[in-house]
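Q: Structure file my_file.txt (compact mmCIF, C-alpha atoms (C1' of nucleotides)) right here:
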```
# COMPACT_ATOMS: atom_id res chain seq x y z
CA MET O 26 45.01 -28.08 18.77
CA LYS O 27 41.34 -27.42 19.09
CA SER O 28 40.85 -23.80 20.09
CA VAL O 29 38.71 -22.56 22.93
CA ALA O 30 35.63 -22.73 20.79
CA ALA O 31 36.26 -26.36 20.06
CA GLU O 32 36.54 -27.00 23.78
CA ASN O 33 33.13 -25.43 24.18
CA ILE O 34 31.67 -28.23 22.16
CA LYS O 35 32.72 -30.70 24.82
CA GLU O 36 31.31 -28.55 27.58
CA LYS O 37 27.95 -28.46 25.87
CA ALA O 38 27.90 -32.25 25.83
CA LEU O 39 28.34 -32.17 22.11
CA GLN O 40 30.81 -34.71 20.92
CA TRP O 41 34.24 -34.14 19.49
CA THR O 42 33.82 -36.99 17.05
CA PRO O 43 36.35 -38.29 14.50
CA GLN O 44 34.35 -36.63 11.74
CA ARG O 45 34.35 -33.28 13.50
CA LYS O 46 38.05 -33.59 14.29
CA THR O 47 38.71 -34.34 10.65
CA VAL O 48 36.72 -31.39 9.36
CA PHE O 49 38.35 -29.09 11.89
CA SER O 50 41.90 -30.13 11.10
CA VAL O 51 41.33 -30.11 7.38
CA ILE O 52 40.18 -26.50 7.55
CA ALA O 53 42.80 -25.46 10.08
CA ASN O 54 45.60 -26.90 7.99
CA SER O 55 44.39 -25.67 4.64
CA GLU O 56 46.41 -23.03 2.85
CA LYS O 57 43.28 -21.60 1.35
CA LYS O 58 41.37 -19.53 3.85
CA HIS O 59 37.94 -19.30 2.23
CA LEU O 60 36.73 -22.77 1.51
CA LEU O 61 33.66 -24.16 -0.21
CA ALA O 62 31.72 -26.94 1.48
CA GLU O 63 32.59 -29.06 -1.52
CA GLU O 64 36.30 -28.41 -1.03
CA ILE O 65 36.09 -29.27 2.64
CA TYR O 66 34.21 -32.43 1.72
CA LEU O 67 36.84 -33.55 -0.77
CA MET O 68 39.73 -32.81 1.59
CA SER O 69 37.96 -34.63 4.40
CA LYS O 70 37.30 -37.65 2.19
CA LYS O 71 41.04 -38.01 1.63
CA VAL O 72 41.50 -38.49 5.35
CA MET O 73 38.21 -40.27 6.03
CA PRO O 74 36.81 -41.76 2.81
CA ASN O 75 33.43 -42.73 4.27
CA ILE O 76 32.50 -39.30 5.53
CA GLY O 77 29.20 -38.04 4.09
CA LEU O 78 28.43 -34.68 2.60
CA ALA O 79 25.52 -34.19 5.01
CA THR O 80 27.94 -34.61 7.89
CA ILE O 81 30.12 -31.91 6.40
CA TYR O 82 27.21 -29.50 6.19
CA ARG O 83 26.01 -30.34 9.70
CA THR O 84 29.50 -29.92 11.07
CA LEU O 85 30.03 -26.62 9.29
CA GLU O 86 26.76 -25.31 10.67
CA LEU O 87 27.75 -26.44 14.15
CA PHE O 88 31.14 -24.78 13.87
CA CYS O 89 29.48 -21.56 12.75
CA THR O 90 27.12 -21.44 15.71
CA GLU O 91 30.03 -22.23 18.01
CA GLY O 92 32.08 -19.39 16.59
CA ILE O 93 34.74 -21.64 15.12
CA LEU O 94 33.86 -20.75 11.56
CA GLN O 95 32.29 -17.87 9.73
CA LYS O 96 30.04 -18.42 6.75
CA ILE O 97 30.68 -16.19 3.77
CA ASN O 98 28.20 -15.59 0.99
CA LEU O 99 29.44 -14.00 -2.17
CA PRO O 100 27.29 -13.49 -5.25
CA GLY O 101 27.31 -16.19 -7.87
CA GLU O 102 28.92 -18.96 -5.90
CA PRO O 103 28.12 -21.33 -3.05
CA ALA O 104 28.88 -20.38 0.55
CA ARG O 105 32.46 -20.31 1.77
CA PHE O 106 33.73 -20.92 5.28
CA GLU O 107 36.55 -19.16 7.06
CA MET O 108 38.16 -20.12 10.34
CA LEU O 109 37.82 -17.48 13.04
CA LYS O 110 40.63 -16.68 15.41
CA GLU O 111 40.46 -16.02 19.11
CA GLY O 112 40.01 -12.33 19.67
CA ASN O 113 39.87 -9.95 16.81
CA ASN O 114 38.25 -11.09 13.60
CA ASP O 115 37.52 -7.65 12.32
CA HIS O 116 39.23 -7.73 8.98
CA CYS O 117 37.90 -6.78 5.62
CA HIS O 118 38.34 -8.65 2.39
CA TYR O 119 39.54 -7.46 -0.97
CA VAL O 120 38.33 -9.68 -3.77
CA CYS O 121 40.11 -9.34 -7.09
CA LEU O 122 37.62 -9.72 -9.92
CA GLY O 123 40.49 -10.57 -12.23
CA CYS O 124 42.25 -13.47 -10.53
CA GLY O 125 39.76 -14.25 -7.79
CA LYS O 126 42.34 -13.90 -5.04
CA ILE O 127 41.19 -12.61 -1.67
CA PHE O 128 43.38 -10.29 0.39
CA GLU O 129 42.71 -9.17 3.93
CA ALA O 130 43.29 -6.08 6.06
CA PRO O 131 42.21 -4.93 9.52
CA ILE O 132 39.08 -2.82 9.88
CA GLN O 133 39.42 0.61 11.41
CA LYS O 134 38.17 0.80 14.96
CA ASP O 135 36.08 3.89 14.44
CA LEU O 136 34.59 2.74 11.22
CA SER O 137 31.43 1.27 12.56
CA LEU O 138 29.57 4.39 13.53
CA SER O 139 31.21 6.85 11.21
CA GLY O 140 28.92 9.13 9.34
CA ALA O 141 25.93 8.12 11.36
CA GLU O 142 23.31 10.81 11.24
CA ASN O 143 20.63 8.44 12.26
CA ASP O 144 19.75 7.49 15.81
CA ASN O 145 19.12 3.92 14.83
CA ILE O 146 22.72 3.66 13.77
CA LYS O 147 24.36 5.74 16.46
CA ASP O 148 22.79 3.43 18.95
CA PHE O 149 23.45 0.19 17.17
CA THR O 150 25.36 -2.59 18.92
CA ILE O 151 27.54 -4.38 16.42
CA THR O 152 28.33 -8.03 16.96
CA THR O 153 29.77 -8.98 13.59
CA ARG O 154 31.29 -7.03 10.74
CA SER O 155 31.52 -8.13 7.16
CA CYS O 156 33.34 -5.81 4.78
CA TRP O 157 34.04 -6.80 1.20
CA TYR O 158 35.72 -4.73 -1.45
CA PHE O 159 35.63 -5.83 -5.05
CA GLY O 160 38.03 -4.59 -7.67
CA TYR O 161 41.40 -5.37 -9.17
CA CYS O 162 44.77 -6.14 -7.66
CA LYS O 163 47.92 -4.57 -9.04
CA ASN O 164 48.74 -7.55 -11.24
CA CYS O 165 45.38 -7.79 -12.89
CA ARG O 166 45.07 -4.04 -13.36
CA ASP O 167 48.46 -3.91 -15.06
CA LYS O 168 47.53 -6.79 -17.32
CA ALA O 169 44.30 -5.07 -18.24
CA LYS O 170 46.15 -1.89 -19.20
CA ILE O 171 48.53 -3.74 -21.50
CA LYS O 172 45.65 -5.19 -23.46
CA MET Q 16 11.39 7.96 -14.73
CA LYS Q 17 13.96 5.51 -15.91
CA SER Q 18 17.37 6.70 -14.71
CA VAL Q 19 20.45 7.04 -16.83
CA ALA Q 20 21.22 3.37 -16.46
CA ALA Q 21 17.81 2.45 -17.81
CA GLU Q 22 18.48 4.67 -20.81
CA ASN Q 23 21.65 2.70 -21.39
CA ILE Q 24 19.57 -0.35 -22.05
CA LYS Q 25 18.00 1.37 -25.03
CA GLU Q 26 21.35 2.50 -26.32
CA LYS Q 27 22.64 -1.03 -26.26
CA ALA Q 28 19.72 -2.11 -28.43
CA LEU Q 29 18.27 -3.94 -25.51
CA GLN Q 30 14.59 -3.42 -25.23
CA TRP Q 31 12.71 -1.46 -22.62
CA THR Q 32 9.86 -3.97 -22.65
CA PRO Q 33 6.65 -3.83 -20.62
CA GLN Q 34 8.04 -6.56 -18.36
CA ARG Q 35 11.24 -4.64 -17.72
CA LYS Q 36 9.32 -1.44 -17.12
CA THR Q 37 7.11 -3.25 -14.65
CA VAL Q 38 10.01 -4.77 -12.73
CA PHE Q 39 11.80 -1.45 -12.67
CA SER Q 40 8.85 0.55 -11.41
CA VAL Q 41 7.87 -2.06 -8.87
CA ILE Q 42 11.33 -1.91 -7.31
CA ALA Q 43 11.63 1.87 -7.64
CA ASN Q 44 8.30 2.42 -5.91
CA SER Q 45 8.73 -0.15 -3.20
CA GLU Q 46 9.08 1.03 0.38
CA LYS Q 47 11.33 -1.88 1.16
CA LYS Q 48 14.81 -1.33 -0.17
CA HIS Q 49 16.24 -4.83 -0.09
CA LEU Q 50 13.94 -7.11 -2.00
CA LEU Q 51 13.90 -10.83 -2.65
CA ALA Q 52 13.36 -12.07 -6.20
CA GLU Q 53 10.20 -13.70 -4.92
CA GLU Q 54 8.92 -10.41 -3.53
CA ILE Q 55 9.64 -8.64 -6.80
CA TYR Q 56 7.88 -11.45 -8.63
CA LEU Q 57 4.74 -11.18 -6.51
CA MET Q 58 4.62 -7.40 -6.73
CA SER Q 59 5.12 -7.57 -10.49
CA LYS Q 60 2.37 -10.16 -10.85
CA LYS Q 61 -0.08 -7.73 -9.30
CA VAL Q 62 0.61 -5.31 -12.13
CA MET Q 63 1.20 -7.90 -14.84
CA PRO Q 64 -0.34 -11.24 -13.86
CA ASN Q 65 1.20 -13.24 -16.71
CA ILE Q 66 4.79 -12.32 -16.00
CA GLY Q 67 7.00 -15.35 -15.44
CA LEU Q 68 9.49 -15.95 -12.68
CA ALA Q 69 12.22 -16.64 -15.23
CA THR Q 70 11.65 -13.21 -16.69
CA ILE Q 71 12.06 -11.70 -13.25
CA TYR Q 72 15.39 -13.42 -12.77
CA ARG Q 73 16.59 -12.52 -16.24
CA THR Q 74 15.55 -8.91 -15.74
CA LEU Q 75 17.20 -8.69 -12.35
CA GLU Q 76 20.42 -10.05 -13.80
CA LEU Q 77 20.24 -7.55 -16.63
CA PHE Q 78 19.63 -4.68 -14.23
CA CYS Q 79 22.60 -5.76 -12.14
CA THR Q 80 24.98 -5.81 -15.11
CA GLU Q 81 23.62 -2.43 -16.20
CA GLY Q 82 24.26 -0.96 -12.78
CA ILE Q 83 20.59 -0.36 -12.02
CA LEU Q 84 20.52 -2.90 -9.22
CA GLN Q 85 22.94 -4.41 -6.79
CA LYS Q 86 22.67 -8.03 -5.75
CA ILE Q 87 23.04 -8.70 -2.05
CA ASN Q 88 23.87 -12.08 -0.60
CA LEU Q 89 23.37 -12.57 3.09
CA PRO Q 90 23.82 -15.87 4.87
CA GLY Q 91 20.78 -18.08 5.26
CA GLU Q 92 18.48 -16.42 2.79
CA PRO Q 93 18.03 -15.98 -0.95
CA ALA Q 94 19.62 -13.06 -2.77
CA ARG Q 95 18.21 -9.58 -2.33
CA PHE Q 96 18.26 -6.71 -4.79
CA GLU Q 97 18.75 -3.05 -4.05
CA MET Q 98 18.30 -0.14 -6.42
CA LEU Q 99 21.46 1.87 -7.00
CA LYS Q 100 21.41 5.62 -7.24
CA GLU Q 101 23.29 7.82 -9.65
CA GLY Q 102 26.60 8.75 -8.11
CA ASN Q 103 27.55 7.56 -4.68
CA ASN Q 104 26.39 4.16 -3.57
CA ASP Q 105 28.99 3.72 -0.92
CA HIS Q 106 26.87 3.10 2.10
CA CYS Q 107 27.11 0.39 4.64
CA HIS Q 108 24.28 -1.65 6.10
CA TYR Q 109 23.38 -2.35 9.69
CA VAL Q 110 21.29 -5.49 10.02
CA CYS Q 111 19.44 -5.93 13.28
CA LEU Q 112 19.44 -9.58 14.26
CA GLY Q 113 16.44 -8.91 16.46
CA CYS Q 114 13.89 -7.32 14.16
CA GLY Q 115 15.57 -7.88 10.81
CA LYS Q 116 15.48 -4.20 9.91
CA ILE Q 117 18.29 -2.81 7.80
CA PHE Q 118 19.67 0.67 8.41
CA GLU Q 119 22.14 2.50 6.22
CA ALA Q 120 24.98 4.97 6.65
CA PRO Q 121 27.68 6.43 4.41
CA ILE Q 122 31.06 4.74 4.25
CA GLN Q 123 34.08 6.76 5.25
CA LYS Q 124 36.14 7.90 2.31
CA ASP Q 125 39.43 6.72 3.72
CA LEU Q 126 38.14 3.43 4.88
CA SER Q 127 39.17 1.37 1.93
CA LEU Q 128 42.88 1.30 2.36
CA SER Q 129 43.10 1.82 6.08
CA GLY Q 130 45.45 -0.42 7.91
CA ALA Q 131 46.92 -1.83 4.76
CA GLU Q 132 50.32 -3.26 5.49
CA ASN Q 133 50.24 -5.33 2.39
CA ASP Q 134 51.24 -4.19 -1.06
CA ASN Q 135 48.45 -6.16 -2.64
CA ILE Q 136 45.99 -4.05 -0.73
CA LYS Q 137 47.72 -0.68 -0.91
CA ASP Q 138 47.62 -1.06 -4.64
CA PHE Q 139 44.13 -2.42 -4.99
CA THR Q 140 41.60 -0.64 -7.19
CA ILE Q 141 38.17 -0.84 -5.61
CA THR Q 142 35.13 -0.86 -7.85
CA THR Q 143 32.45 -1.94 -5.41
CA ARG Q 144 32.16 -1.88 -1.63
CA SER Q 145 29.92 -4.06 0.45
CA CYS Q 146 29.93 -3.42 4.19
CA TRP Q 147 27.53 -5.18 6.49
CA TYR Q 148 27.30 -4.89 10.25
CA PHE Q 149 25.22 -7.32 12.21
CA GLY Q 150 23.99 -6.66 15.71
CA TYR Q 151 21.10 -5.11 17.57
CA CYS Q 152 19.28 -1.82 17.19
CA LYS Q 153 18.35 0.23 20.25
CA ASN Q 154 14.83 -1.16 20.42
CA CYS Q 155 15.80 -4.79 20.29
CA ARG Q 156 18.70 -4.34 22.70
CA ASP Q 157 16.43 -2.66 25.23
CA LYS Q 158 13.84 -5.40 24.91
CA ALA Q 159 16.52 -8.01 25.43
CA LYS Q 160 17.67 -6.30 28.63
CA ILE Q 161 14.16 -6.23 30.07
CA LYS Q 162 13.85 -9.96 29.67
C1' DG P 15 19.78 -47.73 27.65
C1' DT P 16 19.50 -43.27 26.17
C1' DC P 17 20.93 -39.76 23.47
C1' DG P 18 23.47 -37.88 19.96
C1' DC P 19 25.92 -38.64 15.53
C1' DT P 20 26.51 -40.63 10.92
C1' DG P 21 25.71 -41.96 6.10
C1' DC P 22 22.65 -42.57 2.59
C1' DA P 23 18.98 -41.21 -0.14
C1' DA P 24 15.39 -38.25 -0.99
C1' DA P 25 13.48 -33.82 -0.78
C1' DG P 26 13.58 -28.74 -0.82
C1' DC P 27 14.55 -24.28 -2.52
C1' DT P 28 16.47 -20.90 -5.26
C1' DT P 29 18.07 -20.02 -9.65
C1' DT P 30 19.12 -21.18 -14.50
C1' DT P 31 18.26 -23.11 -19.02
C1' DG P 32 15.85 -24.99 -23.37
C1' DC P 33 12.55 -24.08 -26.49
C1' DA P 34 8.58 -22.66 -29.13
C1' DA P 35 5.69 -18.75 -29.46
C1' DA P 36 5.22 -13.91 -29.16
C1' DT P 37 7.03 -9.35 -29.57
C1' DC P 38 9.71 -5.60 -31.04
C1' DA P 39 12.59 -2.73 -34.35
C1' DT N 3 12.06 -10.23 -41.49
C1' DG N 4 15.46 -11.12 -38.09
C1' DA N 5 16.78 -10.72 -33.57
C1' DT N 6 15.35 -10.36 -28.92
C1' DT N 7 12.31 -11.45 -25.26
C1' DT N 8 8.88 -14.10 -22.94
C1' DG N 9 6.48 -17.93 -20.38
C1' DC N 10 6.36 -22.47 -19.31
C1' DA N 11 8.41 -26.49 -17.81
C1' DA N 12 12.27 -28.96 -16.83
C1' DA N 13 16.83 -29.11 -15.04
C1' DA N 14 20.57 -27.77 -12.21
C1' DG N 15 23.01 -26.84 -8.06
C1' DC N 16 23.53 -26.25 -3.28
C1' DT N 17 21.82 -27.43 1.07
C1' DT N 18 18.69 -29.64 4.34
C1' DT N 19 16.02 -33.37 6.15
C1' DG N 20 14.21 -38.19 7.31
C1' DC N 21 15.50 -42.27 8.91
C1' DA N 22 17.66 -46.54 10.33
C1' DG N 23 21.86 -48.00 12.20
C1' DC N 24 25.90 -46.99 14.94
C1' DG N 25 28.59 -45.28 18.70
C1' DA N 26 29.52 -42.70 22.95
C1' DC N 27 28.74 -42.11 27.75
```
Show how you would write the structure in this file as structure tokens.
A:
Amino acid sequence: MKSVAAENIKEKALQWTPQRKTVFSVIANSEKKHLLAEEIYLMSKKVMPNIGLATIYRTLELFCTEGILQKINLPGEPARFEMLKEGNNDHCHYVCLGCGKIFEAPIQKDLSLSGAENDNIKDFTITTRSCWYFGYCKNCRDKAKIK
Amino acid sequence: MKSVAAENIKEKALQWTPQRKTVFSVIANSEKKHLLAEEIYLMSKKVMPNIGLATIYRTLELFCTEGILQKINLPGEPARFEMLKEGNNDHCHYVCLGCGKIFEAPIQKDLSLSGAENDNIKDFTITTRSCWYFGYCKNCRDKAKIK
DNA sequence: GTCGCTGCAAAGCTTTTGCAAATCA
DNA sequence: TGATTTGCAAAAGCTTTGCAGCGAC
């Protein structure tokens, strides 16, 4: 399993090397969805002990430009990477400040231009959306109340 | 002009020092809304040549925890800082990938829980929203078509 | 044989930290 | 005076880059 985007790499005469296969499968098979470069590196090293960190970074960058991955930057921590799916990737993320878990939900279709009173925005062509909500999940909120 | 949040600093026995005043006024009076630490540092140095970069970072962190500033992390560049206003700060950002300009619009009220099919999300308490749309403004899109 | 890819090490950049001196309450 | 803040320099942490060797086509 490589995905259409992965096929694109071959078409562009870029190589589907063992290292790139490893990085791809490690991310694709991970239970965690939002991975640090360091985590991807360590998981890849289990499969391919000689792989270098620079290769990880170069591969992640490649995958991002090819639309296989999305890079996520949250405050106070290194970048994370999330696998994109064919078709709709318009979901928003709910980050619990208590337990650190990340939940996801679809983004409303009409959300993008809502409330636009500004021509610049009414006439804006969106290519990528990134919506992040920070707060507390039920569990953590309940715990906080008990305290 | 200091804002309620700035007053809070005094109440907490934190000091409203010349350096902090400088950083605050430099950001408050800037035309650009989304500033790099480096930009704030250079602007502050014009007013107070001896101010140190570490002081800038420490002040920015303080202002963020006090709710005076919001830290913004976009991929591929250092953190930016945006001044928060009293009351509603729920706006989303449109970043033009052509000219780099950032436009703003209000966020829909009902946006947060829309499409939630998941209990974790239905029952999520949001404290902060961060919505970013990437794409092309009218100008840049038109230019691209001419090419 | 050419071109791209890899691993290693070094460098780069942003941000944080340690500490003595200065400042403020 | 005692606690906080500052500036400088050094360190830390993440990421990128240079380069020689390797591998694919």
Q: Take every atom of stretch 92-96 of chain Q listed in the file, pad by 6 Å on each side, and give me the axis-aligned box centre and edge lengths in Å, one decimal, as AutoDock Vina command-line options.
A:
```
--center_x 18.8 --center_y -11.6 --center_z -1.0 --size_x 13.6 --size_y 21.7 --size_z 19.6
```
Q: Output the contact residues of chain P with respect to chain O at a cut-off of 8 Å, based on all atoms listed in the file, as a list in words.
A: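 Matching residues, ligands excluded from the count: DG18, DT20 and DG21 of chain P.
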Q: Kindly export the residues of the current selection with C-alpha atoms (C1' of nucleotides), as an mmCIF file, in the frame of the given file.
A:
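Listed below is the output, result.cif:
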```cif
data_model
loop_
_atom_site.group_PDB
_atom_site.id
_atom_site.type_symbol
_atom_site.label_atom_id
_atom_site.label_comp_id
_atom_site.auth_asym_id
_atom_site.auth_seq_id
_atom_site.Cartn_x
_atom_site.Cartn_y
_atom_site.Cartn_z
ATOM 1 C "C1'" DG P 18 23.470 -37.880 19.960
ATOM 2 C "C1'" DT P 20 26.510 -40.630 10.920
ATOM 3 C "C1'" DG P 21 25.710 -41.960 6.100
#
```
Q: Provide as a list in words the residues of chain N at most 12 Å from chain Q, counting all atoms listed in the file.
A: DA5, DT6, DT7, DT8, DG9, DC10, DA11, DC16, DT17 and DT18 of chain N
Q: Could you write out as JSON, numbers by chain the residues of chain Q within 10 Å of chain O, counting all atoms listed in the file?
A: {"Q": [86, 87, 88, 89, 90, 91, 92, 94, 106, 107, 108, 109, 110, 111, 112, 117, 118, 119, 120, 121, 122, 123, 125, 126, 127, 128, 129, 130, 131, 132, 133, 134, 135, 136, 137, 138, 139, 140, 141, 142, 143, 144, 145, 146, 147, 148, 149, 150, 151, 152, 153, 154, 155, 156]}
Q: If I take atom CA of Q:Val38 and atom CA of Q:Ser59, how far is one from the other in Å, to one decimal?
A: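 Interatomic distance here is 6.1 Å.
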Q: May I ask for the distance between atom CA of O:Cys124 and atom CA of O:Met108, given in Å to one decimal place?
A: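 Distance reported for this atom pair: 22.3 Å.
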Q: Would you compute the distance between atom CA of O:Thr84 and atom CA of O:Phe49? Give it in Å to one decimal.
A: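 Rounded to one decimal, the two atoms are 8.9 Å apart.
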Q: Please list as a list in words every residue within 8 Å of stretch 27-36 of chain P, counting all atoms listed in the file and excluding residues in the same chain fewer than 2 positions away.
A: Tyr72 and Pro93 of chain Q; DT8, DA13 and DA14 of chain N
Q: Counting only C-alpha atoms (C1' of nucleotides), what is within 12 Å of P:DA24, bar same-chain residues fewer than 5 positions away, as a ChimeraX atom specification?
A: /N:18-21
